[in-house]
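Listing of upload-v2.txt, compact mmCIF, C-alpha atoms and all ligand atoms
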```txt
# COMPACT_ATOMS: atom_id res chain seq x y z
CA MET A 997 -34.85 -59.07 141.28
CA PRO A 998 -37.69 -58.25 138.78
CA PRO A 999 -37.21 -59.91 135.40
CA GLU A 1000 -35.43 -57.86 132.71
CA PRO A 1001 -37.88 -56.45 130.15
CA SER A 1002 -38.12 -58.75 127.16
CA GLU A 1003 -36.85 -57.51 123.77
CA SER A 1004 -40.44 -57.47 122.46
CA SER A 1005 -41.71 -55.28 125.33
CA LEU A 1006 -38.68 -53.00 124.86
CA SER A 1007 -39.56 -52.38 121.23
CA GLU A 1008 -42.85 -50.80 122.39
CA TRP A 1009 -40.91 -48.11 124.26
CA ALA A 1010 -39.83 -44.80 122.78
CA PRO A 1011 -36.22 -44.54 121.55
CA ALA A 1012 -35.07 -42.50 124.58
CA THR A 1013 -36.20 -45.34 126.89
CA GLN A 1014 -34.85 -48.11 124.68
CA LEU A 1015 -31.42 -46.49 124.54
CA LEU A 1016 -31.02 -47.02 128.30
CA ASN A 1017 -32.08 -50.67 128.33
CA LEU A 1018 -31.88 -52.51 125.04
CA GLY A 1019 -29.60 -55.52 124.78
CA TYR A 1020 -28.34 -55.56 128.39
CA ASP A 1021 -29.30 -58.10 131.06
CA ALA A 1022 -28.03 -56.96 134.47
CA ALA A 1023 -28.46 -60.50 135.84
CA LEU A 1024 -25.61 -61.62 133.60
CA SER A 1025 -23.27 -58.99 135.13
CA GLU A 1026 -23.68 -59.26 138.95
CA GLY A 1027 -26.72 -56.93 138.86
CA SER A 1028 -24.61 -54.01 137.66
CA VAL A 1029 -27.07 -51.30 136.57
CA LYS A 1030 -24.65 -50.04 133.96
CA CYS A 1031 -23.22 -52.41 131.42
CA PRO A 1032 -19.62 -53.12 132.49
CA LEU A 1033 -16.69 -52.65 130.15
CA PHE A 1034 -15.62 -55.97 128.63
CA GLN A 1035 -12.00 -54.93 128.14
CA THR A 1036 -10.80 -58.27 126.82
CA SER A 1037 -9.35 -59.38 123.53
CA THR A 1038 -10.51 -62.99 123.72
CA PHE A 1039 -13.27 -65.16 125.27
CA ALA A 1040 -12.93 -68.63 126.84
CA PHE A 1041 -14.91 -71.47 125.21
CA ARG A 1042 -16.58 -73.98 127.50
CA SER A 1043 -15.40 -76.81 125.24
CA ALA A 1044 -13.45 -77.34 122.04
CA LEU A 1045 -16.68 -78.35 120.33
CA GLU A 1046 -18.25 -75.03 121.32
CA GLY A 1047 -15.23 -73.13 119.93
CA LYS A 1048 -15.50 -75.05 116.66
CA ARG A 1049 -19.22 -74.26 116.40
CA PHE A 1050 -18.71 -70.54 117.13
CA PHE A 1051 -16.18 -70.31 114.29
CA GLU A 1052 -18.44 -72.25 111.91
CA ILE A 1053 -21.13 -69.62 112.45
CA ALA A 1054 -18.85 -66.56 112.56
CA TYR A 1055 -17.07 -67.54 109.33
CA GLY A 1056 -20.31 -68.51 107.56
CA ILE A 1057 -19.19 -72.17 107.24
CA CYS A 1058 -22.57 -73.37 108.59
CA GLU A 1059 -25.98 -71.75 108.89
CA ARG A 1060 -27.00 -70.59 112.36
CA ARG A 1061 -30.03 -72.42 113.87
CA PRO A 1062 -32.94 -70.04 114.67
CA ASP A 1063 -32.46 -70.48 118.45
CA GLU A 1064 -28.67 -70.20 118.30
CA ASN A 1065 -26.70 -67.09 119.36
CA VAL A 1066 -23.39 -66.10 117.79
CA GLY A 1067 -20.91 -67.05 120.51
CA LEU A 1068 -18.26 -64.67 121.79
CA ILE A 1069 -14.88 -65.42 120.24
CA TYR A 1070 -12.39 -62.55 119.92
CA SER A 1071 -12.89 -58.77 120.05
CA ARG A 1072 -11.97 -58.31 116.36
CA ILE A 1073 -15.06 -60.42 115.63
CA ASN A 1074 -17.46 -59.62 118.49
CA ASN A 1075 -17.64 -58.32 122.06
CA PRO A 1076 -20.63 -57.65 124.41
CA ASN A 1077 -20.08 -53.87 124.49
CA LEU A 1078 -20.07 -53.76 120.70
CA GLU A 1079 -23.09 -56.01 120.34
CA ILE A 1080 -25.22 -53.96 122.77
CA LEU A 1081 -24.11 -50.72 121.14
CA GLU A 1082 -24.96 -52.12 117.69
CA GLN A 1083 -28.47 -53.04 118.87
CA ARG A 1084 -29.04 -49.59 120.35
CA LEU A 1085 -27.76 -47.78 117.27
CA CYS A 1086 -30.56 -49.38 115.23
CA VAL A 1087 -33.31 -47.80 117.34
CA HIS A 1088 -33.64 -44.29 115.88
CA ASP A 1089 -32.90 -45.32 112.31
CA GLY A 1090 -35.21 -48.34 112.33
CA ALA A 1091 -32.38 -50.55 111.03
CA GLU A 1092 -32.34 -54.34 111.27
CA ARG A 1093 -28.68 -54.42 112.14
CA SER A 1094 -25.61 -52.22 112.50
CA ALA A 1095 -21.83 -52.67 112.55
CA VAL A 1096 -19.48 -50.35 114.44
CA PHE A 1097 -16.02 -49.30 113.29
CA SER A 1098 -12.86 -47.67 114.59
CA SER A 1099 -13.76 -44.40 112.78
CA GLY A 1100 -16.29 -42.91 110.40
CA MET A 1101 -13.76 -43.33 107.58
CA ALA A 1102 -13.32 -47.02 108.49
CA ALA A 1103 -17.12 -47.46 108.27
CA ILE A 1104 -17.31 -45.71 104.90
CA ALA A 1105 -14.29 -47.49 103.38
CA THR A 1106 -15.25 -50.96 104.64
CA THR A 1107 -18.85 -50.54 103.44
CA ILE A 1108 -17.78 -49.41 99.98
CA LEU A 1109 -15.21 -52.20 99.62
CA THR A 1110 -17.88 -54.74 100.61
CA PHE A 1111 -20.11 -53.90 97.67
CA VAL A 1112 -17.87 -52.19 95.09
CA LYS A 1113 -15.05 -54.18 93.45
CA PRO A 1114 -12.29 -53.30 90.96
CA GLY A 1115 -13.92 -52.56 87.59
CA ASP A 1116 -17.13 -51.35 89.28
CA VAL A 1117 -18.47 -47.81 89.45
CA ILE A 1118 -19.52 -45.77 92.47
CA ALA A 1119 -21.27 -42.41 92.09
CA TYR A 1120 -21.27 -39.80 94.84
CA THR A 1121 -22.75 -36.43 95.56
CA ASP A 1122 -20.36 -33.49 95.67
CA PRO A 1123 -19.41 -31.92 98.08
CA LEU A 1124 -18.48 -34.63 100.58
CA TYR A 1125 -16.51 -34.39 103.82
CA GLY A 1126 -12.83 -33.89 102.83
CA GLY A 1127 -11.74 -37.38 103.93
CA SER A 1128 -14.52 -39.04 101.91
CA ASP A 1129 -13.65 -36.80 98.96
CA HIS A 1130 -10.04 -38.04 99.16
CA LEU A 1131 -11.28 -41.64 99.25
CA MET A 1132 -13.34 -41.01 96.11
CA THR A 1133 -10.85 -38.96 94.11
CA LYS A 1134 -7.55 -40.64 95.10
CA VAL A 1135 -7.87 -43.96 96.93
CA LEU A 1136 -10.69 -45.88 95.21
CA PRO A 1137 -9.47 -45.06 91.65
CA SER A 1138 -6.07 -46.53 92.63
CA PHE A 1139 -7.90 -49.83 93.28
CA GLY A 1140 -9.46 -49.77 89.79
CA ILE A 1141 -12.82 -48.44 90.98
CA GLN A 1142 -14.36 -45.69 88.86
CA THR A 1143 -15.77 -42.85 90.96
CA VAL A 1144 -18.29 -40.40 89.48
CA PRO A 1145 -19.11 -37.08 91.18
CA ILE A 1146 -22.59 -35.60 90.81
CA ALA A 1147 -23.46 -32.13 92.13
CA ALA A 1148 -25.48 -32.57 95.32
CA ASP A 1149 -27.93 -29.91 94.16
CA ALA A 1150 -28.42 -31.42 90.67
CA SER A 1151 -32.04 -32.14 89.75
CA LEU A 1152 -33.26 -35.74 89.83
CA PRO A 1153 -33.66 -35.85 86.01
CA SER A 1154 -30.05 -34.77 85.55
CA MET A 1155 -28.88 -37.32 88.16
CA ARG A 1156 -30.87 -39.96 86.28
CA GLY A 1157 -29.10 -39.02 83.03
CA ILE A 1158 -25.63 -39.29 84.59
CA LEU A 1159 -26.39 -42.54 86.44
CA HIS A 1160 -27.80 -44.24 83.33
CA GLU A 1161 -24.77 -43.08 81.34
CA VAL A 1162 -22.26 -44.52 83.85
CA ASN A 1163 -24.28 -47.73 84.22
CA GLN A 1164 -24.18 -48.61 80.53
CA ASN A 1165 -22.18 -51.77 81.23
CA GLY A 1166 -24.19 -52.51 84.40
CA ARG A 1167 -21.22 -51.85 86.74
CA LEU A 1168 -22.75 -49.09 88.88
CA ARG A 1169 -22.85 -50.67 92.34
CA MET A 1170 -23.42 -47.83 94.76
CA MET A 1171 -24.28 -44.18 95.17
CA LEU A 1172 -22.84 -42.44 98.23
CA VAL A 1173 -24.78 -39.40 99.38
CA GLU A 1174 -24.00 -36.92 102.11
CA SER A 1175 -27.16 -35.09 103.10
CA PRO A 1176 -26.90 -32.49 104.45
CA ALA A 1177 -23.50 -32.09 102.83
CA ASN A 1178 -20.49 -31.04 104.86
CA PRO A 1179 -19.86 -28.03 104.90
CA THR A 1180 -22.61 -26.36 102.86
CA ASN A 1181 -25.72 -28.15 104.22
CA VAL A 1182 -27.02 -28.86 100.69
CA LEU A 1183 -29.80 -31.47 100.88
CA VAL A 1184 -30.14 -34.45 98.54
CA ASP A 1185 -33.52 -36.06 97.83
CA ILE A 1186 -33.00 -39.50 99.38
CA CYS A 1187 -36.44 -40.84 98.48
CA GLY A 1188 -36.16 -39.64 94.87
CA LEU A 1189 -32.71 -41.20 94.49
CA ALA A 1190 -33.86 -44.48 96.07
CA LEU A 1191 -36.69 -44.73 93.53
CA LEU A 1192 -34.32 -43.86 90.70
CA LEU A 1193 -31.79 -46.53 91.71
CA SER A 1194 -34.49 -49.13 92.24
CA SER A 1195 -35.50 -48.66 88.61
CA MET A 1196 -31.93 -49.56 87.57
CA GLY A 1197 -31.94 -53.25 88.46
CA ASN A 1198 -33.31 -55.97 90.70
CA GLY A 1199 -31.92 -57.64 93.78
CA ASP A 1200 -28.14 -57.70 93.83
CA SER A 1201 -27.86 -55.96 90.46
CA ARG A 1202 -29.57 -52.83 91.80
CA PRO A 1203 -27.08 -50.14 92.85
CA LYS A 1204 -27.22 -49.53 96.60
CA LEU A 1205 -27.95 -46.14 98.08
CA ALA A 1206 -25.67 -45.31 101.02
CA VAL A 1207 -26.30 -42.10 102.97
CA ASP A 1208 -23.78 -40.48 105.29
CA ASN A 1209 -26.08 -39.06 107.98
CA THR A 1210 -23.31 -37.66 110.16
CA LEU A 1211 -24.20 -33.99 109.87
CA LEU A 1212 -27.78 -34.24 111.18
CA GLY A 1213 -27.47 -37.48 113.13
CA PRO A 1214 -30.14 -40.10 113.82
CA VAL A 1215 -32.52 -37.90 115.80
CA TRP A 1216 -33.25 -35.42 112.99
CA GLN A 1217 -33.07 -37.67 109.92
CA GLN A 1218 -33.48 -41.40 109.30
CA PRO A 1219 -32.46 -42.18 105.69
CA LEU A 1220 -33.58 -45.84 105.79
CA ARG A 1221 -37.15 -44.65 106.26
CA HIS A 1222 -36.79 -42.70 102.98
CA GLY A 1223 -35.56 -45.69 101.00
CA ALA A 1224 -31.77 -45.72 101.55
CA ASP A 1225 -30.16 -49.17 101.78
CA LEU A 1226 -27.32 -48.21 104.10
CA VAL A 1227 -26.70 -45.41 106.57
CA LEU A 1228 -23.20 -44.35 107.54
CA TYR A 1229 -22.09 -42.39 110.57
CA SER A 1230 -19.03 -40.84 111.99
CA LEU A 1231 -20.05 -41.65 115.58
CA THR A 1232 -17.21 -39.31 116.53
CA LYS A 1233 -19.72 -36.49 116.00
CA TYR A 1234 -23.27 -36.26 117.40
CA VAL A 1235 -23.65 -39.83 118.64
CA GLY A 1236 -20.39 -39.71 120.62
CA GLY A 1237 -21.16 -36.10 121.40
CA HIS A 1238 -18.33 -35.38 123.86
CA SER A 1239 -15.33 -35.08 121.49
CA ASP A 1240 -13.59 -37.96 123.25
CA VAL A 1241 -14.16 -40.90 120.88
CA ILE A 1242 -13.32 -41.70 117.25
CA ALA A 1243 -15.82 -44.22 115.85
CA GLY A 1244 -18.13 -45.02 112.94
CA ALA A 1245 -21.10 -47.19 112.00
CA CYS A 1246 -22.95 -48.69 109.07
CA LEU A 1247 -26.67 -49.54 109.44
CA GLY A 1248 -29.00 -51.45 107.14
CA SER A 1249 -30.65 -54.80 106.50
CA ALA A 1250 -29.42 -57.86 108.41
CA ARG A 1251 -28.21 -59.33 105.11
CA ASP A 1252 -26.18 -56.30 104.02
CA ILE A 1253 -24.67 -55.73 107.47
CA ALA A 1254 -23.67 -59.39 107.70
CA GLU A 1255 -21.57 -58.86 104.56
CA VAL A 1256 -20.10 -55.60 105.85
CA SER A 1257 -19.25 -57.22 109.22
CA ALA A 1258 -17.57 -60.13 107.47
CA LEU A 1259 -15.17 -57.80 105.66
CA ARG A 1260 -14.69 -55.78 108.88
CA THR A 1261 -13.34 -58.91 110.56
CA PHE A 1262 -10.62 -59.32 107.95
CA LEU A 1263 -9.78 -55.63 107.49
CA GLY A 1264 -9.67 -55.33 111.28
CA SER A 1265 -11.60 -52.06 111.20
CA ILE A 1266 -13.82 -52.89 114.19
CA LEU A 1267 -14.31 -50.53 117.16
CA ASP A 1268 -12.58 -51.22 120.49
CA PRO A 1269 -14.64 -52.13 123.61
CA HIS A 1270 -13.76 -49.00 125.60
CA SER A 1271 -14.95 -46.67 122.83
CA ALA A 1272 -18.12 -48.76 122.50
CA TRP A 1273 -18.72 -48.38 126.24
CA LEU A 1274 -18.27 -44.59 125.97
CA LEU A 1275 -20.73 -44.50 123.07
CA MET A 1276 -23.36 -46.38 125.12
CA ARG A 1277 -23.01 -43.64 127.76
CA SER A 1278 -23.40 -41.03 125.01
CA LEU A 1279 -26.52 -42.60 123.50
CA GLU A 1280 -28.36 -42.14 126.81
CA THR A 1281 -28.25 -38.34 126.40
CA LEU A 1282 -28.49 -38.20 122.60
CA GLU A 1283 -31.97 -36.67 122.42
CA LEU A 1284 -31.28 -34.18 125.24
CA ARG A 1285 -28.06 -33.02 123.59
CA MET A 1286 -29.65 -32.80 120.15
CA GLU A 1287 -32.55 -30.68 121.40
CA ARG A 1288 -30.40 -28.29 123.40
CA SER A 1289 -27.77 -27.82 120.70
CA ALA A 1290 -30.44 -27.37 118.01
CA ALA A 1291 -32.15 -24.63 120.06
CA ASN A 1292 -28.76 -22.95 120.62
CA ALA A 1293 -27.95 -23.21 116.90
CA ARG A 1294 -31.17 -21.45 116.00
CA ALA A 1295 -30.35 -18.61 118.40
CA VAL A 1296 -26.85 -18.22 116.92
CA ALA A 1297 -28.03 -18.55 113.29
CA ASP A 1298 -30.79 -15.98 113.85
CA SER A 1299 -28.36 -13.54 115.43
CA LEU A 1300 -25.97 -13.84 112.47
CA ARG A 1301 -28.61 -13.58 109.78
CA SER A 1302 -28.92 -9.83 109.45
CA HIS A 1303 -25.42 -8.88 110.61
CA PRO A 1304 -23.72 -6.48 108.16
CA LYS A 1305 -20.45 -8.51 108.22
CA VAL A 1306 -22.29 -11.74 107.30
CA ARG A 1307 -23.10 -12.48 103.67
CA GLU A 1308 -25.02 -15.75 104.08
CA VAL A 1309 -26.00 -18.22 106.82
CA LEU A 1310 -26.33 -21.77 105.46
CA TYR A 1311 -28.68 -22.92 108.22
CA LEU A 1312 -31.38 -25.48 107.36
CA GLY A 1313 -33.88 -23.77 109.67
CA HIS A 1314 -33.72 -20.64 107.46
CA LEU A 1315 -34.74 -22.39 104.24
CA ASP A 1316 -37.72 -20.86 102.49
CA PRO A 1317 -40.51 -23.45 102.99
CA GLU A 1318 -41.71 -22.79 99.43
CA SER A 1319 -38.30 -23.45 97.84
CA THR A 1320 -37.30 -26.90 96.50
CA ALA A 1321 -34.77 -27.31 99.33
CA GLY A 1322 -37.32 -26.09 101.88
CA ARG A 1323 -39.88 -28.65 100.74
CA LEU A 1324 -37.27 -31.40 100.81
CA TYR A 1325 -36.24 -30.35 104.31
CA ALA A 1326 -39.86 -30.54 105.49
CA THR A 1327 -40.31 -34.10 104.18
CA GLN A 1328 -36.87 -35.52 104.96
CA CYS A 1329 -35.71 -33.93 108.24
CA SER A 1330 -37.41 -33.34 111.58
CA GLY A 1331 -34.96 -30.69 112.79
CA ALA A 1332 -32.26 -28.36 111.51
CA GLY A 1333 -29.49 -29.78 113.70
CA SER A 1334 -26.69 -27.63 114.99
CA THR A 1335 -23.91 -27.56 112.38
CA PHE A 1336 -24.02 -24.85 109.74
CA SER A 1337 -21.67 -22.60 107.84
CA VAL A 1338 -21.55 -18.85 107.52
CA ARG A 1339 -20.18 -16.82 104.61
CA LEU A 1340 -18.62 -13.65 105.91
CA VAL A 1341 -18.20 -10.43 103.97
CA GLY A 1342 -14.59 -10.55 102.71
CA GLY A 1343 -12.24 -13.51 102.29
CA GLU A 1344 -9.75 -15.61 104.25
CA PRO A 1345 -8.35 -12.66 106.30
CA GLN A 1346 -11.83 -11.80 107.59
CA ALA A 1347 -12.65 -15.48 108.28
CA PHE A 1348 -9.39 -15.90 110.21
CA GLN A 1349 -9.94 -12.69 112.20
CA PHE A 1350 -13.36 -13.99 113.20
CA LEU A 1351 -12.04 -17.44 114.16
CA ASP A 1352 -9.11 -16.02 116.14
CA ALA A 1353 -11.40 -13.69 118.08
CA LEU A 1354 -13.86 -16.35 119.32
CA ARG A 1355 -13.63 -16.85 123.08
CA VAL A 1356 -16.35 -19.38 123.99
CA MET A 1357 -16.22 -21.41 120.78
CA ARG A 1358 -13.03 -23.41 120.26
CA LEU A 1359 -11.10 -23.16 117.00
CA ALA A 1360 -11.04 -26.86 116.07
CA VAL A 1361 -12.27 -29.23 113.37
CA SER A 1362 -14.95 -31.87 114.06
CA LEU A 1363 -18.53 -31.26 115.10
CA GLY A 1364 -21.38 -32.59 117.22
CA GLY A 1365 -19.72 -32.26 120.63
CA THR A 1366 -21.15 -30.62 123.76
CA GLU A 1367 -18.75 -27.70 123.21
CA SER A 1368 -19.13 -25.31 120.29
CA LEU A 1369 -16.44 -25.50 117.62
CA ALA A 1370 -15.55 -23.27 114.69
CA SER A 1371 -13.35 -24.07 111.73
CA HIS A 1372 -12.35 -22.95 108.22
CA PRO A 1373 -13.31 -25.78 105.80
CA ALA A 1374 -11.37 -24.44 102.79
CA SER A 1375 -8.01 -24.63 104.61
CA MET A 1376 -8.79 -27.38 107.15
CA THR A 1377 -11.30 -30.27 106.71
CA HIS A 1378 -11.57 -29.68 102.95
CA ALA A 1379 -7.95 -28.56 102.35
CA GLY A 1380 -7.34 -31.52 100.01
CA VAL A 1381 -10.36 -30.82 97.77
CA ASP A 1382 -9.21 -29.48 94.40
CA ALA A 1383 -9.59 -25.74 93.83
CA GLU A 1384 -12.14 -26.10 91.01
CA SER A 1385 -14.45 -28.30 93.13
CA LYS A 1386 -14.13 -25.86 96.02
CA ARG A 1387 -15.17 -23.06 93.66
CA ILE A 1388 -18.11 -24.98 92.18
CA TYR A 1389 -19.45 -26.22 95.51
CA GLY A 1390 -19.01 -23.01 97.45
CA ILE A 1391 -16.23 -24.05 99.83
CA SER A 1392 -15.00 -20.49 99.69
CA ASP A 1393 -12.28 -18.69 101.67
CA ASN A 1394 -14.88 -16.62 103.55
CA LEU A 1395 -16.76 -19.74 104.74
CA VAL A 1396 -16.65 -20.59 108.45
CA ARG A 1397 -18.28 -23.76 109.82
CA LEU A 1398 -19.86 -23.69 113.26
CA SER A 1399 -20.84 -26.70 115.35
CA ILE A 1400 -23.02 -25.40 118.13
CA GLY A 1401 -22.88 -27.10 121.52
CA ILE A 1402 -24.93 -27.05 124.71
CA GLU A 1403 -23.48 -23.96 126.42
CA ASP A 1404 -25.74 -21.10 127.50
CA PRO A 1405 -27.18 -19.60 124.28
CA CYS A 1406 -26.62 -16.00 125.46
CA ASP A 1407 -22.89 -16.67 125.81
CA LEU A 1408 -22.74 -18.15 122.31
CA VAL A 1409 -24.63 -15.27 120.70
CA ALA A 1410 -22.45 -12.75 122.54
CA ASP A 1411 -19.33 -14.64 121.43
CA VAL A 1412 -20.10 -14.57 117.69
CA ARG A 1413 -21.13 -10.92 117.94
CA GLN A 1414 -17.92 -9.84 119.68
CA ALA A 1415 -15.89 -11.90 117.17
CA LEU A 1416 -17.66 -10.18 114.27
CA ASP A 1417 -17.00 -6.80 115.88
CA SER A 1418 -13.29 -7.56 115.75
CA VAL A 1419 -13.36 -8.29 112.00
CA ALA A 1420 -12.03 -5.38 109.95
CA GLY A 1421 -14.94 -3.68 108.15
C1 LIG B 1501 -19.81 -36.11 107.11
C2 LIG B 1501 -18.63 -36.87 107.65
N1 LIG B 1501 -18.48 -38.17 107.34
C3 LIG B 1501 -17.42 -38.89 107.78
C4 LIG B 1501 -16.45 -38.30 108.57
C5 LIG B 1501 -15.26 -39.12 109.01
O1 LIG B 1501 -15.41 -39.47 110.35
P1 LIG B 1501 -14.18 -39.90 111.30
O2 LIG B 1501 -13.38 -38.67 111.55
O3 LIG B 1501 -14.87 -40.44 112.51
O4 LIG B 1501 -13.40 -40.93 110.56
C6 LIG B 1501 -16.56 -36.95 108.93
C7 LIG B 1501 -15.52 -36.31 109.76
O5 LIG B 1501 -15.52 -35.12 109.95
C8 LIG B 1501 -17.68 -36.22 108.46
O6 LIG B 1501 -17.84 -34.91 108.74
```

Take the structure I supplied and represent it as structure tokens, if you would.
Ligand SMILES: Cc1ncc(COP(=O)(O)O)c(C=O)c1O
Amino acid sequence: MPPEPSESSLSEWAPATQLLNLGYDAALSEGSVKCPLFQTSTFAFRSALEGKRFFEIAYGICERRPDENVGLIYSRINNPNLEILEQRLCVHDGAERSAVFSSGMAAIATTILTFVKPGDVIAYTDPLYGGSDHLMTKVLPSFGIQTVPIAADASLPSMRGILHEVNQNGRLRMMLVESPANPTNVLVDICGLALLLSSMGNGDSRPKLAVDNTLLGPVWQQPLRHGADLVLYSLTKYVGGHSDVIAGACLGSARDIAEVSALRTFLGSILDPHSAWLLMRSLETLELRMERSAANARAVADSLRSHPKVREVLYLGHLDPESTAGRLYATQCSGAGSTFSVRLVGGEPQAFQFLDALRVMRLAVSLGGTESLASHPASMTHAGVDAESKRIYGISDNLVRLSIGIEDPCDLVADVRQALDSVAG
């Protein structure tokens, strides 16, 4: 059997190639071309001394020697499927390390609780996905953490003013950004915010910038390359891509992810091996799916643009290149992705008529799957957001969110057109 490619030769390959090979040695698994599923809760130690050593390293009791691997212990701490997946997830984003979780919310909550303690402050851009909004407005304040919303489309000088104000006692620990924001696709200047936060302290006193990159996914945007400290994903969406897995991830420096992983062990928010195995399958087709769904999304967005029953299409590919958002898009993103919202003429009745009339697209929440989905953010994913925030951030009753899949584009365009035809004029 030819030798497995070394990790250093692998890193010379393009991401699409690395995602099929990185981290897996077939010789260790009977020559199996695909990484098997390690569906086990616990791993046998070769000796008691080995078990003791593995725990010393896993619990940070002793430093790991440079040539020493973290031994396999128990699937709430580590597992081969998770470790290979975590290596592969770093490829597109250029991260040193990643940690995978049982959901996107588990990744977000565990990451925040790692770095933000009672008495601290976390700022966040508004709007956020409804679940993250609930975490910010209801859950974290109940743990004595102050949460400060900042409009996602606020200028950098006004963000600077707010951040300096809330950091008067030096307790601002993190800023959570969703860019593009769910469901309005508003972009936030990651590089500008990273520079701003880096001027607010050194080392551990500097507030961290965490970016939820779920809506575009790792192919079209890599926040670490623009200065973010941490990237968060609901892997349930584009990375999973088949609407059959709930999972999340946090990516960043080896040091930060070591801290996040340590808390993950004790909160028990780690991903299970079977879901990790499914995600490794999904990563192999990530680029193919992203390209096809992005091309389909453009076809659908273009067809909606000038329709008389459509007021506005919030599609990144339609941004005026000369506008502030258009310039930001050009520097920060390499593609428009395939999730966008549409404001119909009318209100909730018209939005519901449209949703109920769709035949190819399924009426369901979530996004990023091979099948196209349509939903009504105001009454579904963002139902818990307070009415005033919905008004300010444009989560209106006539807003419909579309996640475009990989079906034939002609069928998708025909579907939205026939659904619009059925909406009362
Ligand atoms: C932007 C964003 N972040 C996080 C999440 C939460 O992910 P999960 O459902 O995997 O917990 C979602 C879910 O829709 C999302 O849209």

Nearby residues, ligand LIG 1501 (chain B), 9 Å, all atoms listed in the file, as number ranges by chain
A: 1097-1104, 1124-1128, 1174-1179, 1208-1211, 1228-1233, 1241-1244, 1361-1363, 1377

Residue neighbourhood Phe1039 in chain A, 9 Å, all atoms listed in the file, exclusion window fewer than 5 positions, as a PyMOL selection string:
chain A and resi 1068-1071+1075

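Of the listed residues (A:Thr1107, A:Val1412, A:Pro1304, A:Gly1390), A:Val1412 comes nearest to Leu1354 in chain A; the distances count all atoms listed in the file.
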
So which residues fall inside 12 Å of (-18.3, -71.8, 113.8) if we count all atoms listed in the file? Mind giving them as a VMD selection string?
chain A and resid 1041 1044 to 1061 1064 to 1069 1073

Near range 1135-1146 of chain A, within 10 Å and counting all atoms listed in the file, which residues show up once chain neighbours fewer than 3 positions away are dropped, as a VMD selection string?
chain A and resid 1105 1108 to 1109 1112 to 1124 1128 to 1132 1149 to 1150 1154 to 1155 1158 to 1159 1162 1167 to 1168 1170 to 1173

Edge lengths and centre, in Å to one decimal, as AutoDock Vina command-line options: that's what I need for the box along x, y and z that holds all listed atoms of range 1325-1329 of chain A plus 6 Å on each side.
```
--center_x -38.0 --center_y -32.9 --center_z 106.2 --size_x 16.6 --size_y 17.2 --size_z 16.1
```

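Each of A:Thr1281, A:Gln1346, A:Ser1151, A:Ser1418 was checked against Leu1189 in chain A using only C-alpha atoms; the smallest atom-to-atom distance is that of A:Ser1151.
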
Thr1335 in chain A surroundings by all atoms listed in the file, 7 Å radius, close-in-sequence under 5 positions cut, as an MDAnalysis selection string:
chainID A and resid 1211 1398:1400

Quick one: contact table of range 1219-1244 of chain A to range 1283-1301 of chain A, 12 Å max, nearest atom pair and distance in Å to one decimal per residue, counting only C-alpha atoms, chain and number order, as a Markdown table?
```
| residue | atom | partner | partner_atom | distance |
| --- | --- | --- | --- | --- |
| A:Lys1233 | CA | A:Met1286 | CA | 11.4 |
| A:Tyr1234 | CA | A:Met1286 | CA | 7.8 |
| A:Val1235 | CA | A:Met1286 | CA | 9.4 |
| A:Gly1236 | CA | A:Arg1285 | CA | 10.6 |
| A:Gly1237 | CA | A:Arg1285 | CA | 7.9 |
| A:His1238 | CA | A:Arg1285 | CA | 10.0 |
```

Among the residues A:Ala1353, A:Gly1264, A:Leu1310, A:Asp1240, the one that comes closest to Gly1365 in chain A [using only C-alpha atoms]
A:Asp1240

If we count all atoms listed in the file and set the cut-off at 9 Å, which residues sit around Leu1033 in chain A, ignoring sequence neighbours fewer than 3 positions away in its own chain? Please answer as a PDB file with C-alpha atoms, in the frame of the given file.
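This is the output file selection-v6.pdb:
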```
ATOM      1  CA  THR A1036     -10.800 -58.270 126.820  1.00  0.00           C
ATOM      2  CA  PRO A1076     -20.630 -57.650 124.410  1.00  0.00           C
ATOM      3  CA  ASN A1077     -20.080 -53.870 124.490  1.00  0.00           C
ATOM      4  CA  PRO A1269     -14.640 -52.130 123.610  1.00  0.00           C
ATOM      5  CA  HIS A1270     -13.760 -49.000 125.600  1.00  0.00           C
ATOM      6  CA  ALA A1272     -18.120 -48.760 122.500  1.00  0.00           C
ATOM      7  CA  TRP A1273     -18.720 -48.380 126.240  1.00  0.00           C
TER       8      TRP A1273
END
```

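For the set A:His1222, A:Arg1251, A:Arg1339, A:Arg1307, the residue with the smallest atom-to-atom gap to Asn1394 in chain A is A:Arg1339, counting all atoms listed in the file.
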
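Coordinates place CA of Val1096 in chain A at a distance of 28.6 Å from CA of Ser1337 in chain A.
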
Nearest residue to Glu1344 in chain A from the set A:Thr1261, A:Ser1375, A:Ser1319, A:Ser1368 (distances using only C-alpha atoms)
A:Ser1375

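Taking all atoms listed in the file into account, Trp1009 in chain A lies nearest to A:His1088 out of the set A:Gly1401, A:Val1356, A:Ser1278, A:His1088.
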
Excluding Arg1387 in chain A and its own-chain neighbours fewer than 5 positions away, which residues fall within 12 Å of it when counting only C-alpha atoms? Please give them as number ranges by chain.
A: 1122-1123, 1374, 1378, 1381-1382, 1392-1395

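From CA of Arg1397 in chain A back to CA of Val1338 in chain A, the distance works out to 6.3 Å.
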
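For the pair CA of Leu1226 in chain A and CA of Pro1203 in chain A, the separation is 11.4 Å.
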
If we draw a sphere of 7 Å around (-24.1, -51.4, 123.7), which residues have at least one atom in it when counting all atoms listed in the file? Please report them as a ChimeraX atom specification.
/A:1019,1077-1084,1272-1273,1276
